[in-house]
$ cat data_3.txt   # compact mmCIF, C-alpha atoms
# COMPACT_ATOMS: atom_id res chain seq x y z
CA MET A 194 -12.52 -16.97 5.77
CA ALA A 195 -10.72 -15.63 8.86
CA ARG A 196 -7.32 -14.45 7.67
CA ALA A 197 -4.61 -15.15 5.16
CA SER A 198 -1.30 -16.80 5.94
CA LEU A 199 2.08 -15.16 5.38
CA ASP A 200 2.40 -17.32 2.24
CA LYS A 201 0.04 -14.65 0.80
CA LYS A 202 -1.86 -16.92 -1.56
CA PRO A 203 -3.78 -14.44 -3.76
CA HIS A 204 -7.20 -16.05 -3.27
CA GLU A 205 -6.74 -16.07 0.51
CA VAL A 206 -5.67 -12.43 0.68
CA ALA A 207 -8.44 -11.30 -1.68
CA SER A 208 -11.06 -13.20 0.31
CA MET A 209 -9.77 -11.74 3.56
CA PHE A 210 -10.03 -8.19 2.25
CA ASP A 211 -13.44 -8.88 0.73
CA ALA A 212 -14.62 -9.61 4.26
CA VAL A 213 -13.32 -6.36 5.81
CA GLY A 214 -14.10 -3.89 3.03
CA GLU A 215 -17.18 -2.19 4.48
CA LYS A 216 -15.43 -1.10 7.69
CA TYR A 217 -11.88 -0.97 6.40
CA ASP A 218 -11.47 2.82 6.35
CA LEU A 219 -12.92 3.25 9.84
CA THR A 220 -10.71 0.49 11.25
CA ASN A 221 -7.61 2.04 9.65
CA THR A 222 -8.35 5.40 11.23
CA LEU A 223 -8.80 3.82 14.66
CA MET A 224 -5.68 1.66 14.41
CA THR A 225 -3.45 4.54 13.30
CA GLY A 226 -4.88 7.07 15.73
CA GLY A 227 -5.98 9.22 12.80
CA LEU A 228 -2.56 9.22 11.12
CA ASP A 229 -3.98 7.60 7.98
CA GLY A 230 -5.37 10.91 6.70
CA TYR A 231 -2.12 12.75 7.37
CA TRP A 232 -0.16 10.01 5.61
CA ARG A 233 -2.46 10.18 2.57
CA ARG A 234 -1.85 13.91 2.27
CA ARG A 235 1.93 13.39 2.49
CA ILE A 236 1.77 10.63 -0.14
CA THR A 237 -0.25 12.76 -2.56
CA ALA A 238 2.12 15.69 -2.08
CA ARG A 239 5.18 13.48 -2.60
CA LEU A 240 3.87 11.89 -5.81
CA ALA A 241 2.60 15.32 -6.97
CA PRO A 242 0.26 14.15 -9.75
CA GLN A 243 -0.28 16.83 -12.38
CA ALA A 244 -3.36 17.78 -14.38
CA GLY A 245 -3.50 15.63 -17.50
CA GLU A 246 -1.34 12.83 -16.11
CA LYS A 247 -2.53 9.24 -15.91
CA VAL A 248 -2.05 7.68 -12.47
CA LEU A 249 -2.43 4.05 -11.39
CA ASP A 250 -3.36 3.63 -7.73
CA LEU A 251 -2.61 -0.04 -7.12
CA ALA A 252 -3.99 -1.92 -4.10
CA ALA A 253 -6.36 1.05 -3.87
CA GLY A 254 -8.88 -0.76 -1.68
CA THR A 255 -11.94 1.46 -1.24
CA ALA A 256 -10.37 4.12 -3.53
CA ILE A 257 -10.02 6.64 -0.70
CA SER A 258 -6.41 7.28 -1.77
CA THR A 259 -7.41 7.49 -5.46
CA VAL A 260 -9.80 10.35 -4.70
CA ASP A 261 -6.99 12.27 -2.98
CA LEU A 262 -4.72 11.77 -5.99
CA ALA A 263 -7.44 12.79 -8.45
CA SER A 264 -8.03 16.03 -6.53
CA ARG A 265 -4.85 17.35 -8.17
CA GLY A 266 -6.49 17.12 -11.62
CA ALA A 267 -4.87 13.89 -12.81
CA TRP A 268 -6.87 11.00 -14.31
CA CYS A 269 -6.55 8.26 -11.68
CA VAL A 270 -7.69 4.65 -11.75
CA ALA A 271 -8.13 2.49 -8.64
CA CYS A 272 -6.95 -1.10 -9.08
CA ASP A 273 -7.32 -3.82 -6.45
CA PHE A 274 -7.70 -7.59 -6.54
CA SER A 275 -10.43 -7.54 -3.88
CA GLN A 276 -13.83 -6.95 -5.43
CA GLY A 277 -15.24 -6.46 -1.92
CA MET A 278 -12.87 -3.57 -1.21
CA LEU A 279 -13.69 -1.86 -4.52
CA ALA A 280 -17.40 -2.38 -3.86
CA ALA A 281 -17.03 -0.70 -0.46
CA GLY A 282 -15.83 2.39 -2.32
CA ARG A 283 -18.70 2.33 -4.79
CA ASP A 284 -19.67 5.94 -4.00
CA ARG A 285 -16.20 7.29 -4.82
CA ASP A 286 -16.36 8.66 -8.35
CA VAL A 287 -13.14 7.33 -9.86
CA PRO A 288 -12.57 4.49 -12.35
CA LYS A 289 -12.13 1.10 -10.65
CA VAL A 290 -10.55 -2.06 -12.06
CA CYS A 291 -10.23 -5.44 -10.37
CA GLY A 292 -6.75 -6.73 -11.12
CA ASP A 293 -3.80 -8.69 -9.73
CA GLY A 294 -0.67 -6.66 -8.97
CA MET A 295 1.52 -9.44 -10.36
CA PHE A 296 -0.34 -9.46 -13.71
CA LEU A 297 -1.65 -5.95 -14.28
CA PRO A 298 -4.47 -5.64 -16.85
CA PHE A 299 -2.95 -2.59 -18.54
CA ALA A 300 -0.84 -2.05 -21.66
CA ASP A 301 2.86 -1.21 -21.57
CA GLU A 302 3.77 2.44 -20.83
CA THR A 303 0.22 3.55 -20.00
CA PHE A 304 0.77 5.63 -16.85
CA ASP A 305 2.79 8.71 -15.95
CA CYS A 306 3.04 7.51 -12.35
CA VAL A 307 2.12 4.50 -10.26
CA THR A 308 1.57 4.30 -6.53
CA ILE A 309 0.82 1.48 -4.14
CA THR A 310 -0.08 2.32 -0.54
CA TRP A 311 -0.16 -0.30 2.21
CA GLY A 312 -0.49 -3.00 -0.45
CA LEU A 313 2.91 -4.22 -1.66
CA ARG A 314 3.25 -6.16 1.59
CA ASN A 315 0.14 -8.18 0.69
CA ILE A 316 1.34 -9.37 -2.72
CA ALA A 317 2.82 -12.87 -2.92
CA ASP A 318 5.80 -11.70 -5.03
CA PRO A 319 6.52 -8.00 -4.41
CA ALA A 320 9.43 -7.99 -6.87
CA GLN A 321 7.18 -9.27 -9.65
CA ALA A 322 4.63 -6.57 -8.81
CA LEU A 323 7.33 -3.89 -8.97
CA ARG A 324 8.37 -5.17 -12.40
CA GLU A 325 4.75 -5.04 -13.55
CA MET A 326 4.45 -1.46 -12.27
CA LEU A 327 7.61 -0.65 -14.24
CA ARG A 328 6.11 -2.21 -17.37
CA VAL A 329 2.93 -0.11 -17.32
CA THR A 330 4.78 3.16 -16.52
CA LYS A 331 6.03 5.48 -19.24
CA PRO A 332 9.79 6.11 -19.49
CA GLY A 333 10.67 8.83 -17.00
CA GLY A 334 7.51 8.06 -15.02
CA ARG A 335 7.34 8.01 -11.24
CA LEU A 336 6.77 5.33 -8.60
CA LEU A 337 5.73 5.80 -5.00
CA VAL A 338 5.44 2.90 -2.56
CA ALA A 339 4.02 3.70 0.88
CA GLU A 340 4.29 0.91 3.45
CA PHE A 341 4.55 0.27 7.13
CA SER A 342 8.23 0.10 8.00
CA HIS A 343 10.72 0.05 10.89
CA PRO A 344 10.96 2.96 13.35
CA VAL A 345 14.49 4.36 13.31
CA ASN A 346 14.80 4.59 17.10
CA PRO A 347 15.54 1.12 18.59
CA LEU A 348 13.42 1.69 21.69
CA LEU A 349 10.49 2.99 19.66
CA ARG A 350 10.90 0.09 17.25
CA THR A 351 10.60 -2.44 20.10
CA ILE A 352 7.56 -0.71 21.58
CA TYR A 353 5.93 -0.41 18.15
CA MET A 354 6.45 -4.05 17.21
CA GLU A 355 4.90 -5.12 20.52
CA TYR A 356 2.03 -2.66 19.98
CA ILE A 357 1.05 -3.95 16.55
CA MET A 358 0.89 -7.55 17.78
CA ALA A 359 -1.21 -6.70 20.85
CA ALA A 360 -3.20 -3.58 20.05
CA LEU A 361 -4.11 -3.96 16.37
CA PRO A 362 -6.18 -7.14 16.78
CA ALA A 363 -7.78 -5.69 19.93
CA ILE A 364 -8.85 -2.50 18.13
CA ALA A 365 -10.05 -4.54 15.17
CA ARG A 366 -12.32 -6.60 17.43
CA ALA A 367 -14.18 -3.40 18.27
CA ALA A 368 -14.42 -2.05 14.72
CA SER A 369 -13.92 -4.71 12.06
CA SER A 370 -16.25 -7.30 10.61
CA ASN A 371 -13.33 -9.76 10.52
CA PRO A 372 -10.92 -8.97 13.38
CA ASP A 373 -8.82 -12.10 12.84
CA ALA A 374 -7.68 -10.59 9.54
CA TYR A 375 -5.76 -8.00 11.55
CA VAL A 376 -3.65 -10.71 13.15
CA TYR A 377 -2.33 -11.28 9.62
CA LEU A 378 -1.83 -7.52 9.25
CA ALA A 379 0.28 -7.35 12.42
CA GLU A 380 2.33 -10.41 11.42
CA SER A 381 2.94 -9.10 7.91
CA ILE A 382 4.18 -5.74 9.23
CA ARG A 383 6.65 -7.43 11.56
CA ALA A 384 7.98 -9.61 8.72
CA TRP A 385 8.37 -6.74 6.22
CA PRO A 386 11.84 -5.50 5.15
CA ASN A 387 13.27 -2.30 6.60
CA GLN A 388 13.69 0.88 4.56
CA GLU A 389 17.08 0.08 3.05
CA GLU A 390 16.15 -3.51 2.25
CA LEU A 391 12.98 -2.44 0.45
CA ALA A 392 14.92 0.18 -1.51
CA ASP A 393 17.21 -2.61 -2.74
CA VAL A 394 14.20 -4.68 -3.88
CA ILE A 395 12.80 -1.70 -5.79
CA SER A 396 16.15 -1.00 -7.46
CA GLU A 397 16.61 -4.64 -8.44
CA ALA A 398 13.18 -4.54 -10.11
CA GLY A 399 14.55 -1.94 -12.54
CA TRP A 400 13.61 1.40 -10.98
CA SER A 401 16.27 4.11 -10.77
CA GLU A 402 16.94 7.01 -8.35
CA VAL A 403 15.35 5.01 -5.52
CA GLY A 404 15.12 6.65 -2.13
CA TRP A 405 12.76 7.00 0.80
CA GLN A 406 11.27 9.42 3.30
CA ASN A 407 10.15 8.24 6.73
CA LEU A 408 6.67 8.95 8.03
CA THR A 409 6.13 9.36 11.79
CA PHE A 410 9.65 8.33 12.87
CA GLY A 411 9.75 5.39 10.45
CA ILE A 412 6.49 3.71 11.47
CA ALA A 413 5.81 4.04 7.75
CA ALA A 414 7.94 5.11 4.81
CA MET A 415 7.49 6.42 1.27
CA HIS A 416 9.83 4.89 -1.28
CA SER A 417 10.13 6.59 -4.65
CA GLY A 418 11.74 5.74 -7.97
CA ILE A 419 11.89 6.71 -11.63
CA LYS A 420 11.54 4.49 -14.70
CA PRO A 421 14.71 4.91 -16.77
CA ALA A 422 14.10 6.82 -20.01

$ encode --input "data_3.txt" --output "structure tokens"
Amino acid sequence: MARASLDKKPHEVASMFDAVGEKYDLTNTLMTGGLDGYWRRRITARLAPQAGEKVLDLAAGTAISTVDLASRGAWCVACDFSQGMLAAGRDRDVPKVCGDGMFLPFADETFDCVTITWGLRNIADPAQALREMLRVTKPGGRLLVAEFSHPVNPLLRTIYMEYIMAALPAIARAASSNPDAYVYLAESIRAWPNQEELADVISEAGWSEVGWQNLTFGIAAMHSGIKPA
């Protein structure tokens, strides 16, 4: 299995991530120039999980983000549809569940907050996933979506879009067990909605008070929302 198509068939995407799990964290650090750690800290601070809260970390991959969230004292579960990614995080001491973001294996109103980092873009129907996240969140609960986005400066945006198509696969060839998968990554970033468009999708899925904060000039963005009480 080399890479998934932009049709994002779940079995293709899961198989692709199964194949890159063992070196996924290292490759991310190299591709982002070390920004991945800074972004994780910003995401955790923005969601602000509290002691005693239940947090769903969807598309958690190797659970590296789940550990950061749990450091605040919340009970956090890592959920991903790639068994290979979860297995790569086997040494991270947080609960792990293999599950599909479009059909979450959790009861209604289970979690105080839900987050998905760098994963909504990989789900075949993001709107359906956002509705599922709404379903499993308690009334008044919080959502945080972190995703690659569109730099706000037009010149930077042009340079960045050219960079991800050329540099990401090249870096992946040096670090990843499946570098062709990162061609899909670059293509999926280029095809992803901008900040305002994604905010509209989140609002239409039923979340209220939707807004966003840019990360690193809009290379990435954190979108937040509240489940209506």

$ closest_residue --input "data_3.txt" --among "A:Leu223, A:Leu361, A:Val213, A:Cys306" --to "Gly245 (chain A)" --atoms "only C-alpha atoms"
A:Cys306

$ atom_distance --input "data_3.txt" --atom1 "CA of Ala379 (chain A)" --atom2 "CA of Val206 (chain A)"
14.1 Å

$ closest_atom_pairs --input "data_3.txt" --of "region 373-403 of chain A" --to "region 413-417 of chain A" --cutoff "10 Å" --atoms "all atoms listed in the file" --output "CSV"
residue,atom,partner,partner_atom,distance
A:Asn387,CA,A:Ala414,CA,9.3
A:Gln388,CA,A:Ala414,CA,7.1
A:Glu389,CA,A:His416,CA,9.7
A:Leu391,CA,A:His416,CA,8.2
A:Ala392,CA,A:His416,CA,6.9
A:Ile395,CA,A:His416,CA,8.5
A:Trp400,CA,A:Ser417,CA,8.9
A:Ser401,CA,A:Ser417,CA,9.0
A:Glu402,CA,A:Ser417,CA,7.8
A:Val403,CA,A:Ser417,CA,5.5

$ write_last_selection --input "data_3.txt" --atoms "C-alpha atoms" --output "PDB file, keeping the file's coordinate frame"
ATOM      1  CA  ASN A 387      13.270  -2.300   6.600  1.00  0.00           C
ATOM      2  CA  GLN A 388      13.690   0.880   4.560  1.00  0.00           C
ATOM      3  CA  GLU A 389      17.080   0.080   3.050  1.00  0.00           C
ATOM      4  CA  LEU A 391      12.980  -2.440   0.450  1.00  0.00           C
ATOM      5  CA  ALA A 392      14.920   0.180  -1.510  1.00  0.00           C
ATOM      6  CA  ILE A 395      12.800  -1.700  -5.790  1.00  0.00           C
ATOM      7  CA  TRP A 400      13.610   1.400 -10.980  1.00  0.00           C
ATOM      8  CA  SER A 401      16.270   4.110 -10.770  1.00  0.00           C
ATOM      9  CA  GLU A 402      16.940   7.010  -8.350  1.00  0.00           C
ATOM     10  CA  VAL A 403      15.350   5.010  -5.520  1.00  0.00           C
TER      11      VAL A 403
END

$ residues_around --input "data_3.txt" --residues "region 253-268 of chain A" --least-positions-apart "5" --cutoff "9 Å" --atoms "only C-alpha atoms" --output "ChimeraX atom specification"
/A:210,214-215,217-218,233-234,236-238,240-248,273-283,285-289,308-312

$ write_last_selection --input "data_3.txt" --atoms "C-alpha atoms" --output "PDB file, in the frame of the given file"
ATOM      1  CA  PHE A 210     -10.030  -8.190   2.250  1.00  0.00           C
ATOM      2  CA  GLY A 214     -14.100  -3.890   3.030  1.00  0.00           C
ATOM      3  CA  GLU A 215     -17.180  -2.190   4.480  1.00  0.00           C
ATOM      4  CA  TYR A 217     -11.880  -0.970   6.400  1.00  0.00           C
ATOM      5  CA  ASP A 218     -11.470   2.820   6.350  1.00  0.00           C
ATOM      6  CA  ARG A 233      -2.460  10.180   2.570  1.00  0.00           C
ATOM      7  CA  ARG A 234      -1.850  13.910   2.270  1.00  0.00           C
ATOM      8  CA  ILE A 236       1.770  10.630  -0.140  1.00  0.00           C
ATOM      9  CA  THR A 237      -0.250  12.760  -2.560  1.00  0.00           C
ATOM     10  CA  ALA A 238       2.120  15.690  -2.080  1.00  0.00           C
ATOM     11  CA  LEU A 240       3.870  11.890  -5.810  1.00  0.00           C
ATOM     12  CA  ALA A 241       2.600  15.320  -6.970  1.00  0.00           C
ATOM     13  CA  PRO A 242       0.260  14.150  -9.750  1.00  0.00           C
ATOM     14  CA  GLN A 243      -0.280  16.830 -12.380  1.00  0.00           C
ATOM     15  CA  ALA A 244      -3.360  17.780 -14.380  1.00  0.00           C
ATOM     16  CA  GLY A 245      -3.500  15.630 -17.500  1.00  0.00           C
ATOM     17  CA  GLU A 246      -1.340  12.830 -16.110  1.00  0.00           C
ATOM     18  CA  LYS A 247      -2.530   9.240 -15.910  1.00  0.00           C
ATOM     19  CA  VAL A 248      -2.050   7.680 -12.470  1.00  0.00           C
ATOM     20  CA  ASP A 273      -7.320  -3.820  -6.450  1.00  0.00           C
ATOM     21  CA  PHE A 274      -7.700  -7.590  -6.540  1.00  0.00           C
ATOM     22  CA  SER A 275     -10.430  -7.540  -3.880  1.00  0.00           C
ATOM     23  CA  GLN A 276     -13.830  -6.950  -5.430  1.00  0.00           C
ATOM     24  CA  GLY A 277     -15.240  -6.460  -1.920  1.00  0.00           C
ATOM     25  CA  MET A 278     -12.870  -3.570  -1.210  1.00  0.00           C
ATOM     26  CA  LEU A 279     -13.690  -1.860  -4.520  1.00  0.00           C
ATOM     27  CA  ALA A 280     -17.400  -2.380  -3.860  1.00  0.00           C
ATOM     28  CA  ALA A 281     -17.030  -0.700  -0.460  1.00  0.00           C
ATOM     29  CA  GLY A 282     -15.830   2.390  -2.320  1.00  0.00           C
ATOM     30  CA  ARG A 283     -18.700   2.330  -4.790  1.00  0.00           C
ATOM     31  CA  ARG A 285     -16.200   7.290  -4.820  1.00  0.00           C
ATOM     32  CA  ASP A 286     -16.360   8.660  -8.350  1.00  0.00           C
ATOM     33  CA  VAL A 287     -13.140   7.330  -9.860  1.00  0.00           C
ATOM     34  CA  PRO A 288     -12.570   4.490 -12.350  1.00  0.00           C
ATOM     35  CA  LYS A 289     -12.130   1.100 -10.650  1.00  0.00           C
ATOM     36  CA  THR A 308       1.570   4.300  -6.530  1.00  0.00           C
ATOM     37  CA  ILE A 309       0.820   1.480  -4.140  1.00  0.00           C
ATOM     38  CA  THR A 310      -0.080   2.320  -0.540  1.00  0.00           C
ATOM     39  CA  TRP A 311      -0.160  -0.300   2.210  1.00  0.00           C
ATOM     40  CA  GLY A 312      -0.490  -3.000  -0.450  1.00  0.00           C
TER      41      GLY A 312
END

$ atom_distance --input "data_3.txt" --atom1 "CA of Thr303 (chain A)" --atom2 "CA of Lys331 (chain A)"
6.2 Å

$ residues_around --input "data_3.txt" --residues "Phe304 (chain A)" --least-positions-apart "2" --cutoff "10 Å" --atoms "only C-alpha atoms" --output "list in words"
Glu246, Lys247, Val248, Leu249, Trp268, Cys269, Val270, Phe299, Ala300, Asp301, Glu302, Cys306, Val307, Met326, Leu327, Arg328, Val329, Thr330, Lys331, Pro332, Gly334 and Arg335 of chain A

$ residues_near_point --input "data_3.txt" --point "(10.2, -1.7, 12.4)" --cutoff "8 Å" --atoms "only C-alpha atoms" --output "JSON, numbers by chain"
{"A": [341, 342, 343, 344, 345, 350, 351, 353, 354, 382, 383, 387, 411, 412]}

$ write_last_selection --input "data_3.txt" --atoms "C-alpha atoms" --output "compact mmCIF listing (two decimals), in the coordinates of the input"
# COMPACT_ATOMS: atom_id res chain seq x y z
CA PHE A 341 4.55 0.27 7.13
CA SER A 342 8.23 0.10 8.00
CA HIS A 343 10.72 0.05 10.89
CA PRO A 344 10.96 2.96 13.35
CA VAL A 345 14.49 4.36 13.31
CA ARG A 350 10.90 0.09 17.25
CA THR A 351 10.60 -2.44 20.10
CA TYR A 353 5.93 -0.41 18.15
CA MET A 354 6.45 -4.05 17.21
CA ILE A 382 4.18 -5.74 9.23
CA ARG A 383 6.65 -7.43 11.56
CA ASN A 387 13.27 -2.30 6.60
CA GLY A 411 9.75 5.39 10.45
CA ILE A 412 6.49 3.71 11.47

$ closest_residue --input "data_3.txt" --among "A:Met209, A:Thr225, A:Ile316, A:Ala271" --to "Trp385 (chain A)" --atoms "all atoms listed in the file"
A:Ile316

$ closest_residue --input "data_3.txt" --among "A:Val338, A:Arg324, A:Lys216, A:Gly226" --to "Asp250 (chain A)" --atoms "all atoms listed in the file"
A:Val338

$ atom_distance --input "data_3.txt" --atom1 "CA of Glu205 (chain A)" --atom2 "CA of Ala360 (chain A)"
23.5 Å
